[in-house]
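A.B. asks: Can you read through this structure? Questions will come right after.
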Amino acid sequence: MSSNPADVSRQEFDALFEAVRTWGRWAAADRGAWNRVTAGHVQRAAALIRSGTVVPMGRPWDTRPGPDNEKPALHYMSDLGDVEAPEPAAYKDFLAADYHGKAVSHLDALSHIAYRGQLYDGRAAHEVVDAGGARFAAVSALGPLVTKGVLLDLPAVLGVDWLEPGRALHARDIVSAEKALDVTIGDGDAVLLRSGRFRRRREIGPWNPAEASAGWHVDAMPLLAERAIALLGADGDSDVRPSPVEGLHSPVHALAITAMGVPLLDNLDLEPLSAACAEAGRYAFMLVVTPLNVPGGTGSPVDPVAIL
């Protein structure tokens, strides 16, 4: 696995943070960059549907511990047809997850990440987030997310099965992927990065992605900010690890969520979508994400779908 030395100082990172910051831009600040997506964007996304193929991206509910699942999700039966009246018999189960990790496919709301004590739009984190949840930028403020999705399938572009953990991707990789895949990232788009994480996991086995994972270098973020994206996702958590920024473990999270107001989709299984896009010969599609309506939630487990 690759190891990246920190090549960006905190001073350089802070300058980058200020350069991509969108604080004060939208009245509905708790929706952040999702304010960019209008009914017109949804209509344009719907116009991308040709075959009607629906491709899910959520991982199976993972209850098995491992190096990439230190807090396994819970699933157990709470009624085996013997709790309620005998007819008709009812079978029920219980689900729970500490989903902000490396195993559960989930959406990060804008209340999830603070930098220098501030959430998106300059809100003081200690004033709006406590044991009762978030009173600003909760996932319930986002609602269903529907827009054009763009898959940047870097292994397909590079002719490899997967990117090795620790591989940093830069702005030039976005440009080369757009050219190779004949796709253009535009305003209000959702950008999904496939590194091939789950193909590698299936063929080689799990590892700890908190220590090594392919993802974006911070120098890719100004280009994504310039393109005015509304959502960013990956089969990892978008950050390359080890971090290239001195003293920061998730700098892309801080830039996307806290500076730009862009929610993140983490731990998507993009292998089926990669195959579907290759078969269709196109890498843009309608994306639908429906988080749970959790007042005060800092995110939600999700099973997004692409419709081609």
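Chain labels follow the order of the structure tokens: the first chain is A, the next B, and so on; residue numbering restarts at 1 in every chain, and ligands are counted from 1 in their shown order.
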As number ranges by chain, please: every residue in segment 9-143 of chain A that a backbone DSSP assignment puts in strand (DSSP E).
C.D. replies: A: 54-56, 74-80, 91-96, 106-108, 129-130, 133-134
A.B. asks: Near segment 11-18 of chain A, counting only C-alpha atoms, which residues have an atom at most 12 Å away, once you skip same-chain residues fewer than 4 positions from it, shown as a PyMOL selection string?
C.D. replies: chain A and resi 6-7+22-23+115-116+120-122+217-223+225+243-248+250-261
A.B. asks: Pull N, CA, C and O atoms from the residues just selected and write them as a short mmCIF file (atom, residue, chain, number, x, y, z; two decimals), in the first residue's frame.
C.D. replies:
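Contents of part_14.cif, as written:
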```cif
data_model
loop_
_atom_site.label_atom_id
_atom_site.label_comp_id
_atom_site.auth_asym_id
_atom_site.auth_seq_id
_atom_site.Cartn_x
_atom_site.Cartn_y
_atom_site.Cartn_z
N ALA A 6 2.84 14.11 4.24
CA ALA A 6 2.06 15.34 4.25
C ALA A 6 2.81 16.39 3.43
O ALA A 6 3.93 16.75 3.75
N ASP A 7 2.20 16.82 2.31
CA ASP A 7 2.88 17.79 1.45
C ASP A 7 2.16 19.14 1.42
O ASP A 7 2.52 20.01 0.65
N THR A 22 -18.09 28.98 0.71
CA THR A 22 -19.32 29.58 0.18
C THR A 22 -20.23 30.11 1.28
O THR A 22 -21.43 30.25 1.08
N TRP A 23 -19.69 30.41 2.43
CA TRP A 23 -20.49 30.87 3.56
C TRP A 23 -21.24 32.15 3.19
O TRP A 23 -20.70 33.04 2.52
N TYR A 115 -14.60 22.55 11.40
CA TYR A 115 -13.18 22.87 11.30
C TYR A 115 -12.94 24.15 12.08
O TYR A 115 -13.66 25.12 11.93
N ARG A 116 -11.96 24.13 12.94
CA ARG A 116 -11.64 25.25 13.83
C ARG A 116 -12.88 25.67 14.64
O ARG A 116 -13.13 26.84 14.88
N TYR A 120 -20.44 24.46 8.69
CA TYR A 120 -20.69 25.24 7.48
C TYR A 120 -21.40 26.56 7.82
O TYR A 120 -22.19 26.63 8.76
N ASP A 121 -21.11 27.57 7.04
CA ASP A 121 -21.69 28.90 7.16
C ASP A 121 -21.23 29.63 8.42
O ASP A 121 -21.83 30.63 8.82
N GLY A 122 -20.18 29.12 9.05
CA GLY A 122 -19.61 29.81 10.21
C GLY A 122 -20.35 29.60 11.51
O GLY A 122 -20.09 30.31 12.48
N HIS A 217 -6.87 14.22 -3.47
CA HIS A 217 -5.94 15.15 -2.85
C HIS A 217 -6.66 16.48 -2.73
O HIS A 217 -7.57 16.78 -3.52
N VAL A 218 -6.29 17.30 -1.77
CA VAL A 218 -7.00 18.57 -1.58
C VAL A 218 -6.87 19.49 -2.78
O VAL A 218 -7.72 20.37 -2.99
N ASP A 219 -5.85 19.30 -3.60
CA ASP A 219 -5.69 20.21 -4.75
C ASP A 219 -6.71 19.94 -5.86
O ASP A 219 -6.77 20.69 -6.84
N ALA A 220 -7.54 18.90 -5.71
CA ALA A 220 -8.62 18.66 -6.66
C ALA A 220 -9.85 19.48 -6.32
O ALA A 220 -10.73 19.68 -7.17
N MET A 221 -9.95 19.97 -5.10
CA MET A 221 -11.19 20.61 -4.65
C MET A 221 -11.48 21.95 -5.31
O MET A 221 -12.65 22.26 -5.58
N PRO A 222 -10.49 22.79 -5.60
CA PRO A 222 -10.82 24.04 -6.29
C PRO A 222 -11.50 23.82 -7.64
O PRO A 222 -12.41 24.59 -8.00
N LEU A 223 -11.11 22.80 -8.38
CA LEU A 223 -11.76 22.53 -9.66
C LEU A 223 -13.21 22.09 -9.44
O LEU A 223 -14.12 22.54 -10.15
N ALA A 225 -15.03 22.91 -6.92
CA ALA A 225 -15.73 24.12 -6.48
C ALA A 225 -16.06 25.00 -7.67
O ALA A 225 -17.16 25.56 -7.77
N SER A 243 -3.40 11.22 5.01
CA SER A 243 -3.74 12.58 4.61
C SER A 243 -2.52 13.33 4.11
O SER A 243 -1.43 13.21 4.67
N PRO A 244 -2.69 14.13 3.04
CA PRO A 244 -1.58 14.95 2.56
C PRO A 244 -1.43 16.27 3.31
O PRO A 244 -0.54 17.05 2.98
N VAL A 245 -2.30 16.51 4.29
CA VAL A 245 -2.28 17.78 5.01
C VAL A 245 -1.76 17.58 6.43
O VAL A 245 -2.26 16.72 7.16
N GLU A 246 -0.83 18.37 6.79
CA GLU A 246 -0.22 18.30 8.11
C GLU A 246 -1.27 18.46 9.21
O GLU A 246 -1.98 19.46 9.27
N GLY A 247 -1.40 17.44 10.05
CA GLY A 247 -2.25 17.54 11.23
C GLY A 247 -3.74 17.41 11.00
O GLY A 247 -4.51 17.62 11.93
N LEU A 248 -4.17 17.06 9.79
CA LEU A 248 -5.60 16.89 9.50
C LEU A 248 -5.85 15.50 8.95
O LEU A 248 -5.22 15.10 7.96
N SER A 250 -8.93 14.29 7.81
CA SER A 250 -9.95 14.24 6.75
C SER A 250 -10.09 15.61 6.10
O SER A 250 -11.15 16.26 6.20
N PRO A 251 -9.07 16.08 5.40
CA PRO A 251 -9.13 17.44 4.86
C PRO A 251 -10.17 17.64 3.77
O PRO A 251 -10.74 18.73 3.67
N VAL A 252 -10.45 16.62 2.96
CA VAL A 252 -11.48 16.77 1.94
C VAL A 252 -12.85 16.91 2.58
O VAL A 252 -13.71 17.66 2.10
N HIS A 253 -13.08 16.20 3.69
CA HIS A 253 -14.34 16.38 4.42
C HIS A 253 -14.49 17.84 4.86
O HIS A 253 -15.57 18.44 4.74
N ALA A 254 -13.41 18.42 5.38
CA ALA A 254 -13.47 19.80 5.85
C ALA A 254 -13.72 20.77 4.70
O ALA A 254 -14.49 21.73 4.83
N LEU A 255 -13.08 20.52 3.56
CA LEU A 255 -13.26 21.41 2.42
C LEU A 255 -14.65 21.27 1.81
O LEU A 255 -15.33 22.26 1.54
N ALA A 256 -15.08 20.03 1.59
CA ALA A 256 -16.37 19.80 0.93
C ALA A 256 -17.53 20.22 1.84
O ALA A 256 -18.36 21.06 1.47
N ILE A 257 -17.59 19.65 3.03
CA ILE A 257 -18.73 19.86 3.91
C ILE A 257 -18.68 21.24 4.56
O ILE A 257 -19.63 22.03 4.48
N THR A 258 -17.57 21.55 5.22
CA THR A 258 -17.52 22.74 6.06
C THR A 258 -17.29 24.02 5.26
O THR A 258 -17.88 25.05 5.56
N ALA A 259 -16.44 23.96 4.23
CA ALA A 259 -16.17 25.17 3.44
C ALA A 259 -17.17 25.34 2.30
O ALA A 259 -17.76 26.41 2.13
N MET A 260 -17.40 24.28 1.51
CA MET A 260 -18.19 24.38 0.29
C MET A 260 -19.68 24.09 0.50
O MET A 260 -20.50 24.39 -0.36
N GLY A 261 -20.03 23.46 1.63
CA GLY A 261 -21.42 23.10 1.86
C GLY A 261 -21.89 21.95 1.00
O GLY A 261 -23.09 21.84 0.70
#
```
A.B. asks: Excluding same-chain residues fewer than 6 positions from segment 86-103 of chain A, what lies within 6 Å of it counting only C-alpha atoms, as a list in words?
C.D. replies: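 Within the cut-off, the hits are Asp68, Asn69, Ala73, Leu74, His75, Tyr76, Met77, Ser78, Asp79 and Leu80 of chain A.
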A.B. asks: Keeping only all heavy atoms, write the selected residues as a PDB file, in the first residue's frame.
C.D. replies:
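In the end it all went to again_24.pdb:
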```pdb
ATOM      1  N   ASP A  68     -12.130  -3.139   8.454  1.00  0.00           N
ATOM      2  CA  ASP A  68     -12.836  -1.989   7.898  1.00  0.00           C
ATOM      3  C   ASP A  68     -14.242  -1.849   8.470  1.00  0.00           C
ATOM      4  O   ASP A  68     -15.083  -1.139   7.931  1.00  0.00           O
ATOM      5  CB  ASP A  68     -12.898  -2.077   6.374  1.00  0.00           C
ATOM      6  CG  ASP A  68     -13.491  -3.394   5.881  1.00  0.00           C
ATOM      7  OD1 ASP A  68     -13.738  -4.295   6.705  1.00  0.00           O
ATOM      8  OD2 ASP A  68     -13.704  -3.516   4.658  1.00  0.00           O
ATOM      9  N   ASN A  69     -14.516  -2.548   9.580  1.00  0.00           N
ATOM     10  CA  ASN A  69     -15.838  -2.479  10.210  1.00  0.00           C
ATOM     11  C   ASN A  69     -15.691  -2.698  11.708  1.00  0.00           C
ATOM     12  O   ASN A  69     -16.084  -3.722  12.255  1.00  0.00           O
ATOM     13  CB  ASN A  69     -16.776  -3.529   9.607  1.00  0.00           C
ATOM     14  CG  ASN A  69     -18.223  -3.327  10.016  1.00  0.00           C
ATOM     15  OD1 ASN A  69     -18.589  -2.279  10.526  1.00  0.00           O
ATOM     16  ND2 ASN A  69     -19.045  -4.330   9.790  1.00  0.00           N
ATOM     17  N   ALA A  73     -22.788  -3.132  12.209  1.00  0.00           N
ATOM     18  CA  ALA A  73     -24.215  -2.817  12.310  1.00  0.00           C
ATOM     19  C   ALA A  73     -24.934  -3.943  13.049  1.00  0.00           C
ATOM     20  O   ALA A  73     -24.446  -5.082  13.118  1.00  0.00           O
ATOM     21  CB  ALA A  73     -24.805  -2.639  10.916  1.00  0.00           C
ATOM     22  N   LEU A  74     -26.086  -3.627  13.611  1.00  0.00           N
ATOM     23  CA  LEU A  74     -26.879  -4.608  14.344  1.00  0.00           C
ATOM     24  C   LEU A  74     -28.103  -5.020  13.535  1.00  0.00           C
ATOM     25  O   LEU A  74     -28.736  -4.203  12.880  1.00  0.00           O
ATOM     26  CB  LEU A  74     -27.340  -4.021  15.684  1.00  0.00           C
ATOM     27  CG  LEU A  74     -26.254  -3.582  16.672  1.00  0.00           C
ATOM     28  CD1 LEU A  74     -26.905  -3.000  17.921  1.00  0.00           C
ATOM     29  CD2 LEU A  74     -25.336  -4.736  17.029  1.00  0.00           C
ATOM     30  N   HIS A  75     -28.416  -6.301  13.605  1.00  0.00           N
ATOM     31  CA  HIS A  75     -29.647  -6.824  13.009  1.00  0.00           C
ATOM     32  C   HIS A  75     -30.031  -8.072  13.781  1.00  0.00           C
ATOM     33  O   HIS A  75     -29.275  -9.037  13.840  1.00  0.00           O
ATOM     34  CB  HIS A  75     -29.443  -7.181  11.535  1.00  0.00           C
ATOM     35  CG  HIS A  75     -30.659  -7.812  10.926  1.00  0.00           C
ATOM     36  ND1 HIS A  75     -30.579  -8.846  10.011  1.00  0.00           N
ATOM     37  CD2 HIS A  75     -31.972  -7.566  11.110  1.00  0.00           C
ATOM     38  CE1 HIS A  75     -31.798  -9.206   9.654  1.00  0.00           C
ATOM     39  NE2 HIS A  75     -32.659  -8.437  10.306  1.00  0.00           N
ATOM     40  N   TYR A  76     -31.188  -8.016  14.420  1.00  0.00           N
ATOM     41  CA  TYR A  76     -31.672  -9.227  15.079  1.00  0.00           C
ATOM     42  C   TYR A  76     -33.195  -9.250  15.019  1.00  0.00           C
ATOM     43  O   TYR A  76     -33.851  -8.217  14.853  1.00  0.00           O
ATOM     44  CB  TYR A  76     -31.170  -9.332  16.524  1.00  0.00           C
ATOM     45  CG  TYR A  76     -31.583  -8.217  17.448  1.00  0.00           C
ATOM     46  CD1 TYR A  76     -32.855  -8.187  18.044  1.00  0.00           C
ATOM     47  CD2 TYR A  76     -30.686  -7.198  17.769  1.00  0.00           C
ATOM     48  CE1 TYR A  76     -33.221  -7.174  18.908  1.00  0.00           C
ATOM     49  CE2 TYR A  76     -31.054  -6.177  18.645  1.00  0.00           C
ATOM     50  CZ  TYR A  76     -32.316  -6.176  19.206  1.00  0.00           C
ATOM     51  OH  TYR A  76     -32.691  -5.166  20.053  1.00  0.00           O
ATOM     52  N   MET A  77     -33.741 -10.452  15.160  1.00  0.00           N
ATOM     53  CA  MET A  77     -35.190 -10.619  15.124  1.00  0.00           C
ATOM     54  C   MET A  77     -35.792 -10.233  16.471  1.00  0.00           C
ATOM     55  O   MET A  77     -35.303 -10.647  17.521  1.00  0.00           O
ATOM     56  CB  MET A  77     -35.554 -12.053  14.772  1.00  0.00           C
ATOM     57  CG  MET A  77     -35.088 -12.492  13.389  1.00  0.00           C
ATOM     58  SD  MET A  77     -35.745 -11.465  12.059  1.00  0.00           S
ATOM     59  CE  MET A  77     -37.511 -11.820  12.207  1.00  0.00           C
ATOM     60  N   SER A  78     -36.830  -9.422  16.423  1.00  0.00           N
ATOM     61  CA  SER A  78     -37.509  -9.003  17.655  1.00  0.00           C
ATOM     62  C   SER A  78     -38.874  -9.663  17.822  1.00  0.00           C
ATOM     63  O   SER A  78     -39.488  -9.547  18.882  1.00  0.00           O
ATOM     64  CB  SER A  78     -37.663  -7.479  17.668  1.00  0.00           C
ATOM     65  OG  SER A  78     -38.387  -7.047  16.530  1.00  0.00           O
ATOM     66  N   ASP A  79     -39.334 -10.339  16.801  1.00  0.00           N
ATOM     67  CA  ASP A  79     -40.613 -11.052  16.884  1.00  0.00           C
ATOM     68  C   ASP A  79     -40.574 -12.204  15.894  1.00  0.00           C
ATOM     69  O   ASP A  79     -40.412 -11.999  14.685  1.00  0.00           O
ATOM     70  CB  ASP A  79     -41.775 -10.107  16.562  1.00  0.00           C
ATOM     71  CG  ASP A  79     -43.147 -10.738  16.805  1.00  0.00           C
ATOM     72  OD1 ASP A  79     -43.222 -11.978  16.935  1.00  0.00           O
ATOM     73  OD2 ASP A  79     -44.135  -9.983  16.854  1.00  0.00           O
ATOM     74  N   LEU A  80     -40.666 -13.424  16.393  1.00  0.00           N
ATOM     75  CA  LEU A  80     -40.653 -14.618  15.542  1.00  0.00           C
ATOM     76  C   LEU A  80     -42.051 -15.201  15.414  1.00  0.00           C
ATOM     77  O   LEU A  80     -42.247 -16.417  15.353  1.00  0.00           O
ATOM     78  CB  LEU A  80     -39.687 -15.667  16.099  1.00  0.00           C
ATOM     79  CG  LEU A  80     -38.214 -15.267  16.041  1.00  0.00           C
ATOM     80  CD1 LEU A  80     -37.347 -16.299  16.754  1.00  0.00           C
ATOM     81  CD2 LEU A  80     -37.763 -15.123  14.590  1.00  0.00           C
TER      82      LEU A  80
END
```
A.B. asks: Applying 8 Å and only C-alpha atoms, which residues near His41 of chain A remain after dropping the ones on its own chain fewer than 3 positions away? List them as a ChimeraX atom specification.
C.D. replies: /A:37-38,44-45,147-148,188
A.B. asks: Take the residues from that selection and put them in a file with N, CA, C and O atoms, as a compact mmCIF listing (two decimals), in the first residue's frame.
C.D. replies:
```txt
# COMPACT_ATOMS: atom_id res chain seq x y z
N VAL A 37 -29.45 22.94 -6.80
CA VAL A 37 -30.27 22.00 -7.57
C VAL A 37 -31.71 22.48 -7.62
O VAL A 37 -32.39 22.57 -6.59
N THR A 38 -32.17 22.78 -8.81
CA THR A 38 -33.53 23.26 -9.03
C THR A 38 -34.36 22.19 -9.73
O THR A 38 -33.84 21.12 -10.10
N ARG A 44 -33.41 17.79 -16.21
CA ARG A 44 -32.27 17.43 -17.05
C ARG A 44 -31.72 16.06 -16.68
O ARG A 44 -31.30 15.29 -17.55
N ALA A 45 -31.74 15.76 -15.39
CA ALA A 45 -31.29 14.43 -14.95
C ALA A 45 -32.22 13.36 -15.48
O ALA A 45 -31.78 12.30 -15.94
N THR A 147 -30.49 14.48 -8.86
CA THR A 147 -29.75 15.33 -9.79
C THR A 147 -29.00 14.46 -10.78
O THR A 147 -29.10 13.23 -10.75
N LYS A 148 -28.26 15.08 -11.65
CA LYS A 148 -27.38 14.35 -12.57
C LYS A 148 -26.18 13.82 -11.81
O LYS A 148 -25.52 14.56 -11.06
N GLY A 188 -24.51 21.81 -10.10
CA GLY A 188 -25.56 21.00 -9.50
C GLY A 188 -25.36 19.51 -9.62
O GLY A 188 -26.21 18.73 -9.19
```
A.B. asks: Tell me, as a list of chain:residue names, which residues lie within 9 Å of segment 192-197 of chain A, counting only C-alpha atoms; anything in the same chain fewer than 6 positions away does not count.
C.D. replies: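 In the requested form, the answer reads A:Gly149, A:Val150, A:Leu151, A:Leu152, A:Asp153, A:Leu154, A:Pro155, A:Asp161, A:Trp162, A:Leu163, A:Glu164, A:Pro165, A:Ser213, A:Ala214, A:Gly215, A:Trp216, A:Leu231, A:Leu232, A:Gly233, A:Ala234, A:Asp235, A:Gly236, A:Ser238, A:Leu265, A:Leu268, A:Asp269, A:Leu270, A:Glu271, A:Ser274.
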A.B. asks: Find the nearest atom pair between each residue of segment 34-92 of chain A and segment 287-304 of chain A for residues within 7 Å, count only C-alpha atoms, give distances in Å to one decimal, sort rows by chain and ascending number, and present the table as a tab-separated table.
C.D. replies:
```
residue	atom	partner	partner_atom	distance
A:Pro56	CA	A:Pro304	CA	5.9
A:Met57	CA	A:Pro304	CA	5.5
A:Gly58	CA	A:Asp303	CA	4.1
```
A.B. asks: Using only N, CA and C atoms, please write the residues we just selected to a file, as a PDB file, in the first residue's frame.
C.D. replies:
```pdb
ATOM      1  N   PRO A  56     -28.443  -0.041  -7.911  1.00  0.00           N
ATOM      2  CA  PRO A  56     -28.253   0.367  -6.514  1.00  0.00           C
ATOM      3  C   PRO A  56     -26.775   0.465  -6.167  1.00  0.00           C
ATOM      4  N   MET A  57     -26.466   1.312  -5.193  1.00  0.00           N
ATOM      5  CA  MET A  57     -25.075   1.532  -4.800  1.00  0.00           C
ATOM      6  C   MET A  57     -24.817   1.275  -3.326  1.00  0.00           C
ATOM      7  N   GLY A  58     -25.856   0.980  -2.554  1.00  0.00           N
ATOM      8  CA  GLY A  58     -25.673   0.750  -1.131  1.00  0.00           C
ATOM      9  C   GLY A  58     -25.061  -0.612  -0.854  1.00  0.00           C
TER      10      GLY A  58
END
```
A.B. asks: So the first atom is atom CA of Lys179 of chain A and the second is atom CA of Glu279 of chain A; what is the distance between them in Å, to one decimal place?
C.D. replies: 17.9 Å
A.B. asks: Counting only C-alpha atoms, which residue out of A:Thr53, A:Ser140, A:Asn208, A:Gln43 sits closest to Arg241 of chain A?
C.D. replies: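 Among the listed residues, A:Asn208 lies closest to Arg241 of chain A.
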A.B. asks: Can you list, as a ChimeraX atom specification, all residues belonging to segment 96-216 of chain A that DSSP tags as helix (DSSP H, G or I)?
C.D. replies: /A:120-122,125-128,139-141,154-158,171-181,197-204
A.B. asks: Would you put the residues from that selection into a file with N, CA and C atoms, as a compact mmCIF listing (two decimals), in the first residue's frame?
C.D. replies:
```txt
# COMPACT_ATOMS: atom_id res chain seq x y z
N TYR A 120 -20.44 24.46 8.69
CA TYR A 120 -20.69 25.24 7.48
C TYR A 120 -21.40 26.56 7.82
N ASP A 121 -21.11 27.57 7.04
CA ASP A 121 -21.69 28.90 7.16
C ASP A 121 -21.23 29.63 8.42
N GLY A 122 -20.18 29.12 9.05
CA GLY A 122 -19.61 29.81 10.21
C GLY A 122 -20.35 29.60 11.51
N ALA A 125 -19.99 25.21 16.29
CA ALA A 125 -20.44 23.84 16.47
C ALA A 125 -20.98 23.59 17.87
N HIS A 126 -20.32 24.13 18.89
CA HIS A 126 -20.75 23.85 20.27
C HIS A 126 -22.09 24.49 20.60
N GLU A 127 -22.53 25.44 19.78
CA GLU A 127 -23.81 26.11 20.03
C GLU A 127 -24.98 25.41 19.36
N VAL A 128 -24.71 24.64 18.30
CA VAL A 128 -25.83 24.06 17.54
C VAL A 128 -25.82 22.54 17.51
N VAL A 139 -29.60 16.30 8.65
CA VAL A 139 -29.89 15.60 7.40
C VAL A 139 -31.34 15.80 6.98
N SER A 140 -32.22 16.06 7.91
CA SER A 140 -33.63 16.29 7.59
C SER A 140 -33.82 17.55 6.76
N ALA A 141 -32.84 18.45 6.76
CA ALA A 141 -32.94 19.66 5.95
C ALA A 141 -32.69 19.38 4.48
N LEU A 154 -11.97 5.89 -12.34
CA LEU A 154 -10.54 6.03 -12.57
C LEU A 154 -9.85 4.72 -12.93
N PRO A 155 -10.20 3.57 -12.34
CA PRO A 155 -9.58 2.33 -12.81
C PRO A 155 -9.87 2.06 -14.28
N ALA A 156 -11.09 2.36 -14.74
CA ALA A 156 -11.41 2.17 -16.16
C ALA A 156 -10.56 3.09 -17.03
N VAL A 157 -10.37 4.32 -16.59
CA VAL A 157 -9.57 5.27 -17.34
C VAL A 157 -8.12 4.82 -17.43
N LEU A 158 -7.60 4.28 -16.32
CA LEU A 158 -6.20 3.92 -16.24
C LEU A 158 -5.92 2.48 -16.69
N ALA A 171 -6.52 17.35 -9.53
CA ALA A 171 -7.38 18.03 -10.49
C ALA A 171 -7.14 17.52 -11.90
N ARG A 172 -5.90 17.24 -12.24
CA ARG A 172 -5.60 16.74 -13.59
C ARG A 172 -6.25 15.40 -13.85
N ASP A 173 -6.48 14.61 -12.80
CA ASP A 173 -7.16 13.32 -12.97
C ASP A 173 -8.63 13.51 -13.30
N ILE A 174 -9.24 14.58 -12.76
CA ILE A 174 -10.63 14.88 -13.11
C ILE A 174 -10.72 15.22 -14.59
N VAL A 175 -9.82 16.07 -15.06
CA VAL A 175 -9.84 16.51 -16.46
C VAL A 175 -9.60 15.33 -17.39
N SER A 176 -8.64 14.48 -17.07
CA SER A 176 -8.34 13.33 -17.93
C SER A 176 -9.49 12.33 -17.92
N ALA A 177 -10.15 12.16 -16.77
CA ALA A 177 -11.28 11.23 -16.70
C ALA A 177 -12.46 11.76 -17.51
N GLU A 178 -12.73 13.05 -17.44
CA GLU A 178 -13.81 13.63 -18.25
C GLU A 178 -13.56 13.37 -19.73
N LYS A 179 -12.35 13.56 -20.16
CA LYS A 179 -12.02 13.36 -21.57
C LYS A 179 -12.14 11.90 -21.96
N ALA A 180 -11.60 11.01 -21.14
CA ALA A 180 -11.62 9.59 -21.47
C ALA A 180 -13.02 9.01 -21.45
N LEU A 181 -13.86 9.49 -20.54
CA LEU A 181 -15.21 8.94 -20.37
C LEU A 181 -16.27 9.75 -21.11
N ARG A 197 -12.40 0.06 -4.76
CA ARG A 197 -12.19 -0.43 -3.39
C ARG A 197 -12.84 -1.79 -3.16
N PHE A 198 -14.09 -1.95 -3.56
CA PHE A 198 -14.79 -3.17 -3.20
C PHE A 198 -14.45 -4.34 -4.12
N ARG A 199 -13.96 -4.06 -5.31
CA ARG A 199 -13.42 -5.16 -6.11
C ARG A 199 -12.13 -5.66 -5.46
N ARG A 200 -11.28 -4.74 -5.04
CA ARG A 200 -10.05 -5.13 -4.36
C ARG A 200 -10.35 -5.90 -3.09
N ARG A 201 -11.35 -5.44 -2.34
CA ARG A 201 -11.71 -6.11 -1.09
C ARG A 201 -12.19 -7.52 -1.35
N ARG A 202 -13.00 -7.70 -2.40
CA ARG A 202 -13.51 -9.04 -2.69
C ARG A 202 -12.41 -9.99 -3.17
N GLU A 203 -11.43 -9.46 -3.88
CA GLU A 203 -10.40 -10.32 -4.46
C GLU A 203 -9.20 -10.53 -3.55
N ILE A 204 -8.88 -9.54 -2.72
CA ILE A 204 -7.69 -9.63 -1.86
C ILE A 204 -8.05 -9.76 -0.40
```
A.B. asks: One decimal, in Å: what's the spacing between atom CA of Ala168 of chain A and atom CA of Trp207 of chain A?
C.D. replies: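 According to the coordinates, atom CA of Ala168 of chain A and atom CA of Trp207 of chain A are separated by 17.6 Å.
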A.B. asks: Rounded to one decimal place, report the atom CA of Gly32 of chain A-atom CA of Gly143 of chain A distance in Å.
C.D. replies: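 These atoms are spaced 12.6 Å apart.
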A.B. asks: So, counting only C-alpha atoms, which residue among A:Ala306, A:Val146, A:Ile185, A:Ile113 is closest to His249 of chain A?
C.D. replies: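 For His249 of chain A, the nearest of the given residues is A:Ile113.
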